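Quick look at query_20.cif (mmCIF, C-alpha atoms (C1' of nucleotides)):
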```
data_run
#
loop_
_atom_site.group_PDB
_atom_site.id
_atom_site.type_symbol
_atom_site.label_atom_id
_atom_site.label_comp_id
_atom_site.auth_asym_id
_atom_site.auth_seq_id
_atom_site.Cartn_x
_atom_site.Cartn_y
_atom_site.Cartn_z
ATOM 1 C CA MET I 1 -21.939 -5.864 23.074
ATOM 2 C CA ILE I 2 -20.090 -4.681 19.987
ATOM 3 C CA SER I 3 -22.499 -3.952 17.151
ATOM 4 C CA ASP I 4 -20.665 -1.344 15.081
ATOM 5 C CA SER I 5 -20.378 -2.967 11.681
ATOM 6 C CA THR I 6 -16.914 -1.678 10.793
ATOM 7 C CA ALA I 7 -15.566 -2.844 14.164
ATOM 8 C CA LEU I 8 -16.811 -6.352 13.428
ATOM 9 C CA ASP I 9 -15.371 -6.131 9.901
ATOM 10 C CA SER I 10 -11.893 -5.334 11.173
ATOM 11 C CA ALA I 11 -11.983 -7.854 14.021
ATOM 12 C CA PHE I 12 -13.132 -10.806 11.915
ATOM 13 C CA LEU I 13 -10.759 -9.804 9.130
ATOM 14 C CA ALA I 14 -7.910 -9.731 11.633
ATOM 15 C CA LEU I 15 -8.643 -13.338 12.636
ATOM 16 C CA ALA I 16 -8.828 -14.500 9.011
ATOM 17 C CA ASP I 17 -5.084 -15.006 8.760
ATOM 18 C CA PRO I 18 -3.010 -17.863 10.218
ATOM 19 C CA VAL I 19 -0.087 -15.624 11.182
ATOM 20 C CA ARG I 20 -2.346 -13.287 13.136
ATOM 21 C CA ARG I 21 -4.179 -16.157 14.830
ATOM 22 C CA SER I 22 -0.837 -17.605 15.789
ATOM 23 C CA ILE I 23 0.152 -14.254 17.282
ATOM 24 C CA ILE I 24 -3.079 -14.251 19.297
ATOM 25 C CA ALA I 25 -2.227 -17.734 20.552
ATOM 26 C CA ARG I 26 1.248 -16.621 21.570
ATOM 27 C CA LEU I 27 -0.056 -13.528 23.342
ATOM 28 C CA SER I 28 -2.499 -15.599 25.327
ATOM 29 C CA ARG I 29 0.579 -16.770 27.257
ATOM 30 C CA GLY I 30 1.666 -13.205 27.977
ATOM 31 C CA PRO I 31 2.899 -9.993 26.287
ATOM 32 C CA ALA I 32 5.662 -10.093 23.680
ATOM 33 C CA THR I 33 7.749 -7.722 21.558
ATOM 34 C CA VAL I 34 7.675 -7.543 17.773
ATOM 35 C CA ASN I 35 10.989 -9.383 17.524
ATOM 36 C CA GLU I 36 9.742 -12.161 19.773
ATOM 37 C CA LEU I 37 6.528 -12.457 17.823
ATOM 38 C CA ALA I 38 8.352 -12.466 14.476
ATOM 39 C CA GLU I 39 10.835 -15.163 15.458
ATOM 40 C CA PRO I 40 8.713 -18.265 14.630
ATOM 41 C CA PHE I 41 7.811 -17.025 11.129
ATOM 42 C CA GLU I 42 9.776 -17.011 7.914
ATOM 43 C CA ILE I 43 8.386 -13.683 6.772
ATOM 44 C CA SER I 44 10.144 -10.372 7.421
ATOM 45 C CA LYS I 45 9.868 -8.460 10.679
ATOM 46 C CA GLN I 46 8.184 -5.635 8.758
ATOM 47 C CA ALA I 47 5.478 -8.023 7.622
ATOM 48 C CA VAL I 48 4.881 -9.128 11.231
ATOM 49 C CA SER I 49 4.807 -5.488 12.291
ATOM 50 C CA LYS I 50 2.022 -4.926 9.772
ATOM 51 C CA HIS I 51 0.100 -7.919 11.107
ATOM 52 C CA ILE I 52 0.343 -6.445 14.588
ATOM 53 C CA GLN I 53 -0.995 -3.154 13.298
ATOM 54 C CA VAL I 54 -3.974 -4.978 11.831
ATOM 55 C CA LEU I 55 -4.633 -6.623 15.206
ATOM 56 C CA GLU I 56 -4.185 -3.302 16.992
ATOM 57 C CA GLN I 57 -6.534 -1.465 14.652
ATOM 58 C CA ALA I 58 -9.098 -4.205 15.333
ATOM 59 C CA GLN I 59 -8.469 -3.601 19.053
ATOM 60 C CA LEU I 60 -7.648 -7.258 19.579
ATOM 61 C CA VAL I 61 -4.293 -6.204 21.037
ATOM 62 C CA THR I 62 -2.871 -3.139 22.761
ATOM 63 C CA ARG I 63 0.680 -1.846 23.068
ATOM 64 C CA THR I 64 2.786 -0.405 25.835
ATOM 65 C CA ARG I 65 6.313 1.037 26.030
ATOM 66 C CA ASP I 66 9.493 -0.398 27.499
ATOM 67 C CA ALA I 67 12.568 1.557 26.315
ATOM 68 C CA GLN I 68 12.871 0.848 22.569
ATOM 69 C CA ARG I 69 10.502 -2.054 22.878
ATOM 70 C CA ARG I 70 6.755 -1.856 22.215
ATOM 71 C CA PRO I 71 5.290 -4.917 23.939
ATOM 72 C CA VAL I 72 2.034 -6.267 22.564
ATOM 73 C CA HIS I 73 -0.757 -7.424 24.883
ATOM 74 C CA LEU I 74 -3.854 -9.458 24.122
ATOM 75 C CA ASN I 75 -7.210 -7.741 24.663
ATOM 76 C CA PRO I 76 -9.550 -10.595 25.625
ATOM 77 C CA ALA I 77 -12.544 -8.223 25.825
ATOM 78 C CA ARG I 78 -12.562 -7.913 22.063
ATOM 79 C CA LEU I 79 -12.545 -11.667 21.625
ATOM 80 C CA GLU I 80 -15.517 -11.840 23.945
ATOM 81 C CA ALA I 81 -17.328 -9.328 21.771
ATOM 82 C CA LEU I 82 -16.901 -11.620 18.787
ATOM 83 C CA THR I 83 -18.238 -14.687 20.538
ATOM 84 C CA ALA I 84 -21.151 -12.559 21.674
ATOM 85 C CA TRP I 85 -21.954 -11.690 18.065
ATOM 86 C CA ILE I 86 -21.663 -15.281 16.889
ATOM 87 C CA ASP I 87 -23.723 -16.596 19.778
ATOM 88 C CA GLN I 88 -26.697 -14.540 18.649
ATOM 89 C CA TYR I 89 -26.994 -16.829 15.664
ATOM 90 C CA ARG I 90 -25.427 -20.074 16.689
ATOM 91 C CA LEU I 91 -28.002 -20.355 19.458
ATOM 92 C CA VAL I 92 -30.864 -19.630 17.110
ATOM 93 C CA ARG I 93 -31.931 -23.244 16.781
ATOM 94 C CA GLU I 94 -32.439 -23.370 20.501
ATOM 95 C CA GLY I 95 -34.315 -20.067 20.367
ATOM 96 C CA GLN I 96 -36.600 -21.387 17.671
ATOM 97 C CA PHE I 97 -37.413 -24.396 19.793
ATOM 98 C CA ARG I 98 -38.183 -22.076 22.665
ATOM 99 C CA ASN I 99 -40.532 -20.167 20.406
ATOM 100 C CA LEU I 100 -42.147 -23.390 19.289
ATOM 101 C CA ASP I 101 -42.628 -24.422 22.890
ATOM 102 C CA ALA I 102 -44.255 -21.101 23.631
ATOM 103 C CA VAL I 103 -46.639 -21.484 20.712
ATOM 104 C CA LEU I 104 -47.594 -24.999 21.692
ATOM 105 C CA GLN I 105 -48.157 -24.115 25.303
ATOM 106 C CA SER I 106 -50.066 -20.893 24.883
ATOM 107 C CA SER I 107 -51.973 -21.933 21.738
ATOM 108 C CA ALA I 108 -51.385 -18.379 20.470
ATOM 109 C CA GLY I 109 -49.726 -18.049 17.056
ATOM 110 C CA GLN I 110 -47.086 -15.679 15.634
ATOM 111 C CA ARG I 111 -44.246 -14.942 17.961
ATOM 112 C CA GLY I 112 -42.226 -12.784 15.540
ATOM 113 C CA ALA I 113 -38.498 -13.030 16.238
ATOM 114 C CA LYS I 114 -37.207 -9.614 15.166
ATOM 115 C CA ALA I 115 -33.760 -9.384 13.597
ATOM 116 C CA LYS I 116 -30.811 -7.462 14.969
ATOM 117 C CA GLU I 117 -27.493 -6.003 13.546
ATOM 118 C CA GLN I 118 -27.387 -3.749 10.507
ATOM 119 C CA MET N 1 -13.180 -28.820 17.180
ATOM 120 C CA ILE N 2 -12.097 -27.256 13.909
ATOM 121 C CA SER N 3 -8.349 -26.727 13.798
ATOM 122 C CA ASP N 4 -7.550 -26.824 10.072
ATOM 123 C CA SER N 5 -5.992 -23.456 9.448
ATOM 124 C CA THR N 6 -7.453 -22.844 5.998
ATOM 125 C CA ALA N 7 -10.939 -23.688 7.281
ATOM 126 C CA LEU N 8 -10.574 -21.016 9.955
ATOM 127 C CA ASP N 9 -9.212 -18.596 7.360
ATOM 128 C CA SER N 10 -12.245 -18.965 5.126
ATOM 129 C CA ALA N 11 -14.772 -18.906 7.961
ATOM 130 C CA PHE N 12 -13.424 -15.763 9.638
ATOM 131 C CA LEU N 13 -12.959 -14.098 6.263
ATOM 132 C CA ALA N 14 -16.572 -14.893 5.419
ATOM 133 C CA LEU N 15 -17.734 -13.084 8.558
ATOM 134 C CA ALA N 16 -15.560 -10.047 7.834
ATOM 135 C CA ASP N 17 -18.161 -8.458 5.569
ATOM 136 C CA PRO N 18 -21.377 -6.685 6.600
ATOM 137 C CA VAL N 19 -23.424 -8.097 3.719
ATOM 138 C CA ARG N 20 -22.468 -11.653 4.603
ATOM 139 C CA ARG N 21 -23.092 -11.126 8.321
ATOM 140 C CA SER N 22 -26.471 -9.713 7.439
ATOM 141 C CA ILE N 23 -27.200 -12.818 5.371
ATOM 142 C CA ILE N 24 -26.247 -14.964 8.370
ATOM 143 C CA ALA N 25 -28.663 -12.953 10.499
ATOM 144 C CA ARG N 26 -31.443 -13.426 7.982
ATOM 145 C CA LEU N 27 -30.816 -17.154 7.709
ATOM 146 C CA SER N 28 -30.987 -17.553 11.446
ATOM 147 C CA ARG N 29 -34.734 -17.032 11.001
ATOM 148 C CA GLY N 30 -34.966 -19.791 8.407
ATOM 149 C CA PRO N 31 -33.815 -20.757 4.876
ATOM 150 C CA ALA N 32 -34.090 -18.295 1.988
ATOM 151 C CA THR N 33 -33.511 -18.147 -1.762
ATOM 152 C CA VAL N 34 -30.911 -15.950 -3.477
ATOM 153 C CA ASN N 35 -33.609 -13.524 -4.632
ATOM 154 C CA GLU N 36 -34.994 -13.225 -1.114
ATOM 155 C CA LEU N 37 -31.539 -12.690 0.326
ATOM 156 C CA ALA N 38 -30.662 -10.113 -2.332
ATOM 157 C CA GLU N 39 -33.804 -8.047 -1.847
ATOM 158 C CA PRO N 40 -32.639 -5.852 1.109
ATOM 159 C CA PHE N 41 -29.382 -4.851 -0.620
ATOM 160 C CA GLU N 42 -28.671 -2.323 -3.309
ATOM 161 C CA ILE N 43 -26.006 -4.452 -4.961
ATOM 162 C CA SER N 44 -26.727 -6.800 -7.861
ATOM 163 C CA LYS N 45 -28.116 -10.309 -7.435
ATOM 164 C CA GLN N 46 -24.864 -11.647 -8.918
ATOM 165 C CA ALA N 47 -22.888 -9.951 -6.172
ATOM 166 C CA VAL N 48 -25.134 -11.533 -3.526
ATOM 167 C CA SER N 49 -24.745 -14.873 -5.263
ATOM 168 C CA LYS N 50 -20.979 -14.512 -4.889
ATOM 169 C CA HIS N 51 -21.344 -13.687 -1.202
ATOM 170 C CA ILE N 52 -23.372 -16.843 -0.747
ATOM 171 C CA GLN N 53 -20.659 -18.830 -2.471
ATOM 172 C CA VAL N 54 -18.124 -17.424 -0.034
ATOM 173 C CA LEU N 55 -20.331 -18.481 2.896
ATOM 174 C CA GLU N 56 -20.871 -21.893 1.331
ATOM 175 C CA GLN N 57 -17.182 -22.454 0.717
ATOM 176 C CA ALA N 58 -16.611 -21.584 4.385
ATOM 177 C CA GLN N 59 -19.312 -24.153 5.226
ATOM 178 C CA LEU N 60 -21.257 -21.562 7.175
ATOM 179 C CA VAL N 61 -24.269 -22.285 4.953
ATOM 180 C CA THR N 62 -25.528 -25.213 2.879
ATOM 181 C CA ARG N 63 -27.836 -25.348 -0.112
ATOM 182 C CA THR N 64 -30.728 -27.530 -1.179
ATOM 183 C CA ARG N 65 -32.912 -27.733 -4.311
ATOM 184 C CA ASP N 66 -36.522 -26.722 -4.855
ATOM 185 C CA ALA N 67 -37.352 -26.556 -8.601
ATOM 186 C CA GLN N 68 -35.322 -23.616 -9.982
ATOM 187 C CA ARG N 69 -34.711 -22.332 -6.473
ATOM 188 C CA ARG N 70 -31.573 -23.117 -4.457
ATOM 189 C CA PRO N 71 -32.542 -22.369 -0.856
ATOM 190 C CA VAL N 72 -29.729 -21.428 1.511
ATOM 191 C CA HIS N 73 -29.610 -22.795 5.071
ATOM 192 C CA LEU N 74 -27.507 -21.691 8.019
ATOM 193 C CA ASN N 75 -25.024 -24.234 9.394
ATOM 194 C CA PRO N 76 -24.827 -23.396 13.106
ATOM 195 C CA ALA N 77 -22.199 -26.107 13.687
ATOM 196 C CA ARG N 78 -19.631 -23.995 11.869
ATOM 197 C CA LEU N 79 -20.432 -20.979 13.990
ATOM 198 C CA GLU N 80 -19.916 -23.127 17.062
ATOM 199 C CA ALA N 81 -16.498 -24.135 15.750
ATOM 200 C CA LEU N 82 -15.506 -20.482 15.587
ATOM 201 C CA THR N 83 -16.587 -19.691 19.128
ATOM 202 C CA ALA N 84 -14.689 -22.792 20.209
ATOM 203 C CA TRP N 85 -11.520 -21.414 18.639
ATOM 204 C CA ILE N 86 -11.967 -17.973 20.153
ATOM 205 C CA ASP N 87 -12.796 -19.375 23.579
ATOM 206 C CA GLN N 88 -9.388 -21.033 23.759
ATOM 207 C CA TYR N 89 -7.867 -17.600 24.075
ATOM 208 C CA ARG N 90 -10.538 -15.401 25.502
ATOM 209 C CA LEU N 91 -10.640 -17.664 28.550
ATOM 210 C CA VAL N 92 -6.893 -17.610 28.921
ATOM 211 C CA ARG N 93 -6.932 -15.141 31.777
ATOM 212 C CA GLU N 94 -9.048 -17.552 33.726
ATOM 213 C CA GLY N 95 -6.743 -20.399 32.697
ATOM 214 C CA GLN N 96 -3.720 -18.479 33.935
ATOM 215 C CA PHE N 97 -5.410 -17.967 37.277
ATOM 216 C CA ARG N 98 -6.116 -21.674 37.389
ATOM 217 C CA ASN N 99 -2.459 -22.369 36.718
ATOM 218 C CA LEU N 100 -1.467 -19.928 39.394
ATOM 219 C CA ASP N 101 -3.780 -21.639 41.844
ATOM 220 C CA ALA N 102 -2.238 -24.982 40.975
ATOM 221 C CA VAL N 103 1.255 -23.648 41.558
ATOM 222 C CA LEU N 104 0.307 -22.126 44.873
ATOM 223 C CA GLN N 105 -1.451 -25.229 46.063
ATOM 224 C CA SER N 106 1.021 -27.878 44.966
ATOM 225 C CA SER N 107 4.171 -25.836 45.648
ATOM 226 C CA ALA N 108 5.603 -27.400 42.481
ATOM 227 C CA GLY N 109 6.904 -24.918 39.891
ATOM 228 C CA GLN N 110 6.679 -24.832 36.115
ATOM 229 C CA ARG N 111 3.327 -25.981 34.877
ATOM 230 C CA GLY N 112 4.107 -25.391 31.209
ATOM 231 C CA ALA N 113 0.977 -24.378 29.326
ATOM 232 C CA LYS N 114 1.698 -25.794 25.868
ATOM 233 C CA ALA N 115 0.357 -23.879 22.895
ATOM 234 C CA LYS N 116 -2.118 -25.251 20.378
ATOM 235 C CA GLU N 117 -2.998 -24.432 16.683
ATOM 236 C CA GLN N 118 -0.304 -24.124 14.040
ATOM 237 C "C1'" DT Y 1 29.690 11.030 20.239
ATOM 238 C "C1'" DT Y 2 29.129 6.817 17.839
ATOM 239 C "C1'" DA Y 3 27.206 2.312 17.400
ATOM 240 C "C1'" DT Y 4 23.496 -0.945 18.342
ATOM 241 C "C1'" DT Y 5 18.914 -2.461 19.080
ATOM 242 C "C1'" DT Y 6 13.966 -2.146 18.201
ATOM 243 C "C1'" DA Y 7 10.646 -0.961 15.367
ATOM 244 C "C1'" DT Y 8 8.306 1.745 11.783
ATOM 245 C "C1'" DC Y 9 7.825 4.238 7.300
ATOM 246 C "C1'" DA Y 10 7.792 4.377 2.258
ATOM 247 C "C1'" DA Y 11 7.613 2.627 -2.181
ATOM 248 C "C1'" DC Y 12 6.661 -1.069 -4.859
ATOM 249 C "C1'" DC Y 13 4.684 -5.661 -6.602
ATOM 250 C "C1'" DT Y 14 1.327 -9.487 -7.137
ATOM 251 C "C1'" DT Y 15 -2.862 -11.649 -5.781
ATOM 252 C "C1'" DT Y 16 -7.407 -11.517 -3.976
ATOM 253 C "C1'" DC Y 17 -11.818 -9.163 -3.010
ATOM 254 C "C1'" DG Y 18 -16.107 -6.976 -4.050
ATOM 255 C "C1'" DG Y 19 -18.435 -5.041 -7.422
ATOM 256 C "C1'" DT Y 20 -20.242 -4.386 -12.390
ATOM 257 C "C1'" DT Y 21 -22.589 -5.913 -16.988
ATOM 258 C "C1'" DG Y 22 -23.911 -9.286 -20.412
ATOM 259 C "C1'" DA Y 23 -24.606 -14.025 -21.735
ATOM 260 C "C1'" DT Y 24 -26.051 -18.649 -20.432
ATOM 261 C "C1'" DT Y 25 -28.146 -22.612 -18.062
ATOM 262 C "C1'" DA Y 26 -32.022 -25.018 -15.945
ATOM 263 C "C1'" DA Y 27 -36.610 -25.686 -14.434
ATOM 264 C "C1'" DG Y 28 -41.593 -24.537 -14.743
ATOM 265 C "C1'" DA Y 29 -45.631 -22.342 -16.717
ATOM 266 C "C1'" DA Y 30 -48.495 -21.028 -20.744
ATOM 267 C "C1'" DT J 1 -42.755 -24.957 -28.235
ATOM 268 C "C1'" DT J 2 -42.158 -20.482 -26.310
ATOM 269 C "C1'" DC J 3 -41.865 -17.497 -22.331
ATOM 270 C "C1'" DT J 4 -40.673 -16.561 -17.635
ATOM 271 C "C1'" DT J 5 -38.293 -17.202 -13.413
ATOM 272 C "C1'" DA J 6 -34.120 -18.346 -10.663
ATOM 273 C "C1'" DA J 7 -29.549 -18.458 -10.524
ATOM 274 C "C1'" DT J 8 -24.856 -18.883 -12.254
ATOM 275 C "C1'" DC J 9 -20.874 -18.104 -15.427
ATOM 276 C "C1'" DA J 10 -17.464 -15.097 -17.627
ATOM 277 C "C1'" DA J 11 -14.882 -11.122 -18.359
ATOM 278 C "C1'" DC J 12 -13.579 -7.074 -16.600
ATOM 279 C "C1'" DC J 13 -12.332 -3.187 -13.153
ATOM 280 C "C1'" DG J 14 -10.589 -0.595 -8.992
ATOM 281 C "C1'" DA J 15 -9.248 -1.097 -4.320
ATOM 282 C "C1'" DA J 16 -7.212 -3.546 -0.643
ATOM 283 C "C1'" DA J 17 -4.322 -7.410 1.323
ATOM 284 C "C1'" DG J 18 0.062 -9.416 2.169
ATOM 285 C "C1'" DG J 19 4.515 -9.595 0.988
ATOM 286 C "C1'" DT J 20 9.284 -7.547 -0.301
ATOM 287 C "C1'" DT J 21 13.527 -4.266 0.223
ATOM 288 C "C1'" DG J 22 15.713 -0.004 1.658
ATOM 289 C "C1'" DA J 23 15.728 4.065 4.473
ATOM 290 C "C1'" DT J 24 14.562 6.275 8.820
ATOM 291 C "C1'" DA J 25 13.469 7.229 13.757
ATOM 292 C "C1'" DA J 26 14.032 6.617 18.650
ATOM 293 C "C1'" DA J 27 15.970 4.800 22.690
ATOM 294 C "C1'" DT J 28 19.994 2.588 24.912
ATOM 295 C "C1'" DA J 29 24.810 1.083 25.310
ATOM 296 C "C1'" DA J 30 29.790 1.725 24.529
#
```

Show this structure as C-alpha cells.
Amino acid sequence: MISDSTALDSAFLALADPVRRSIIARLSRGPATVNELAEPFEISKQAVSKHIQVLEQAQLVTRTRDAQRRPVHLNPARLEALTAWIDQYRLVREGQFRNLDAVLQSSAGQRGAKAKEQ
Amino acid sequence: MISDSTALDSAFLALADPVRRSIIARLSRGPATVNELAEPFEISKQAVSKHIQVLEQAQLVTRTRDAQRRPVHLNPARLEALTAWIDQYRLVREGQFRNLDAVLQSSAGQRGAKAKEQ
DNA sequence: TTATTTATCAACCTTTCGGTTGATTAAGAA
DNA sequence: TTCTTAATCAACCGAAAGGTTGATAAATAA
C-alpha cells in the first residue's frame, strides 16, 4: 500500500479537479492523445496538457509514444492505492465494533488501536 | 452515490494535505477537540482550526457542542462516497473484460459503455 | 526541403491555499 | 464580577494552482 505522504498529496490533489476527473473517466475507456482529451473542454490545449502532467506526476496515468502522438493511459493501480488509504478509516466503525465485541467476549479491557500514517 | 462535481472537488482537495489526513486518522479513533487535534502539530491552533473548517466544508467531519468545546467527529459516509467514485474507474479493467466476455458469448457487436460524471 | 500535425515550453496574470499574528467571542470557574 | 479556557475572526503574506498567449521542438507528410 502507498503510504508516502507526498505521493498521497499529489494523487488526491490530482483528483480534486473536475477536468482531471473527467480525463480519468475518459481514459477508463482506453488510451487517448492530448488532442482527443482536450476536445470536450473549452479551455486551451496547453491547459489540458498541464492537467495531464499533474495526473502523470501523481502516477495516475502513464504515457507512451506513437509518432508525434503521446497517448495517455490510465494507471488503475494508483487508484487502488487511494481506495486502500481511505478504507483504513472508512471501515473504522466496523473495526471499533469488532474491538467492542472482543472486549465483551474476553472480559479483558483496553485493546489499544494504534494509529498508522504519518 | 455522490456525483456533484463541486462536492468531489472539496472532498478530494481536503484529503490532499498531510495535516488533514492526519486529523482524519486521529478522528477514526474517536471525536476530538481543536486543542487535542492541534497538539501533535507545530503549526498554530488557528491554522489547525482552518484545516478543520476545510474538512467540515467537505463534509468529511461534523461538529457538536460541549460547553466551550466544539468536538469534531469523522463522517465515514463521505469517505465511502469517495471510494465509490474511484471504484467506478479502478474496476474498469474488470468491466472491460466483462464486456469482452459478453461480446464473445452473444456474438453481437458494439456494447457501448456509456460514460458517467460530468 | 517545406509545410503540417502534435505537443510542450516560457512568461505572465489572477485566485486560492496554508500559514502567521493580534483581537474578539463565548462559556465556565473563582 | 473577573479570570481562564476554547475557539474563531480578521488582516496580511508568500507560494502554488489554473488559466492565457506566443514561441518552439519533434515527427510525419507533401

Write out as a Markdown table the residues of chain Y that have any atom within 8 Å of an atom of chain I, one row each with the nearest atom pair and its distance in Å to one decimal, counting all atoms listed in the file, sorted by chain and then rising number.
```
| residue | atom | partner | partner_atom | distance |
| --- | --- | --- | --- | --- |
| Y:DT5 | C1' | I:Gln68 | CA | 7.7 |
| Y:DT6 | C1' | I:Gln68 | CA | 5.4 |
| Y:DA7 | C1' | I:Arg69 | CA | 7.6 |
| Y:DT8 | C1' | I:Gln46 | CA | 8.0 |
```

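Of the residues under consideration (I:Leu74, I:Ala81, I:Val19, I:Leu91), I:Val19 shows the shortest atom-to-atom contact distance to DG18 of chain J when counting all atoms listed in the file.
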
Care to translate the PyMOL selection byres ((chain Y and resi 28) around 10) into actual residues of this file, as number ranges by chain?
N: 67-68; Y: 26-27, 29-30; J: 4-5

Box along x, y and z, 4 Å on every side, all listed atoms of segment 11-27 of chain Y inside: centre and edge lengths in Å to one decimal, as AutoDock Vina command-line options.
```
--center_x -14.5 --center_y -11.5 --center_z -12.0 --size_x 52.2 --size_y 36.3 --size_z 27.6
```

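You will find atom CA of Glu42 of chain I at 11.4 Å from atom C1' of DG19 of chain J.
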
Can you spell out as a PDB file with C-alpha atoms, in the coordinates of the input the set of residues that the PyMOL selection byres ((chain N) within 6 of (chain I)) selects in the structure I just provided?
```pdb
ATOM      1  CA  ASP N   9      -9.212 -18.596   7.360  1.00  0.00           C
ATOM      2  CA  PHE N  12     -13.424 -15.763   9.638  1.00  0.00           C
ATOM      3  CA  LEU N  13     -12.959 -14.098   6.263  1.00  0.00           C
ATOM      4  CA  ALA N  16     -15.560 -10.047   7.834  1.00  0.00           C
ATOM      5  CA  ASP N  17     -18.161  -8.458   5.569  1.00  0.00           C
ATOM      6  CA  SER N  28     -30.987 -17.553  11.446  1.00  0.00           C
ATOM      7  CA  PRO N  76     -24.827 -23.396  13.106  1.00  0.00           C
ATOM      8  CA  LEU N  79     -20.432 -20.979  13.990  1.00  0.00           C
ATOM      9  CA  THR N  83     -16.587 -19.691  19.128  1.00  0.00           C
ATOM     10  CA  TYR N  89      -7.867 -17.600  24.075  1.00  0.00           C
ATOM     11  CA  ARG N  90     -10.538 -15.401  25.502  1.00  0.00           C
TER      12      ARG N  90
END
```

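Atom C1' of DT4 of chain Y sits 7.4 Å away from atom C1' of DA29 of chain J.
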
Given the file above and the PyMOL selection byres ((chain J) within 9 of (chain N)), which residues are selected, and can you give them as a VMD selection string?
chain J and resid 5 to 8

Store the residues picked out above in a file with C-alpha atoms (C1' of nucleotides), as a PDB file, keeping the file's coordinate frame.
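File written: out.pdb
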```pdb
ATOM      1  C1'  DT J   5     -38.293 -17.202 -13.413  1.00  0.00           C
ATOM      2  C1'  DA J   6     -34.120 -18.346 -10.663  1.00  0.00           C
ATOM      3  C1'  DA J   7     -29.549 -18.458 -10.524  1.00  0.00           C
ATOM      4  C1'  DT J   8     -24.856 -18.883 -12.254  1.00  0.00           C
TER       5       DT J   8
END
```

Find the residues around segment 10-22 of chain Y up to 10 Å (only C-alpha atoms (C1' of nucleotides) counted), leave out those fewer than 4 positions away in its own chain, and share them as a list in words.
Asp17, Ile43, Ser44, Gln46, Ala47, Lys50 and His51 of chain N; DA10, DA11, DC12, DC13, DG14, DA15, DA16, DA17, DG18, DG19, DT20, DT21, DG22, DA23 and DT24 of chain J

Find the distance between atom CA of Pro31 of chain N and atom CA of Asp4 of chain N and write it in Å to one decimal.
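Taking atom CA of Pro31 of chain N and atom CA of Asp4 of chain N, their separation equals 27.5 Å.
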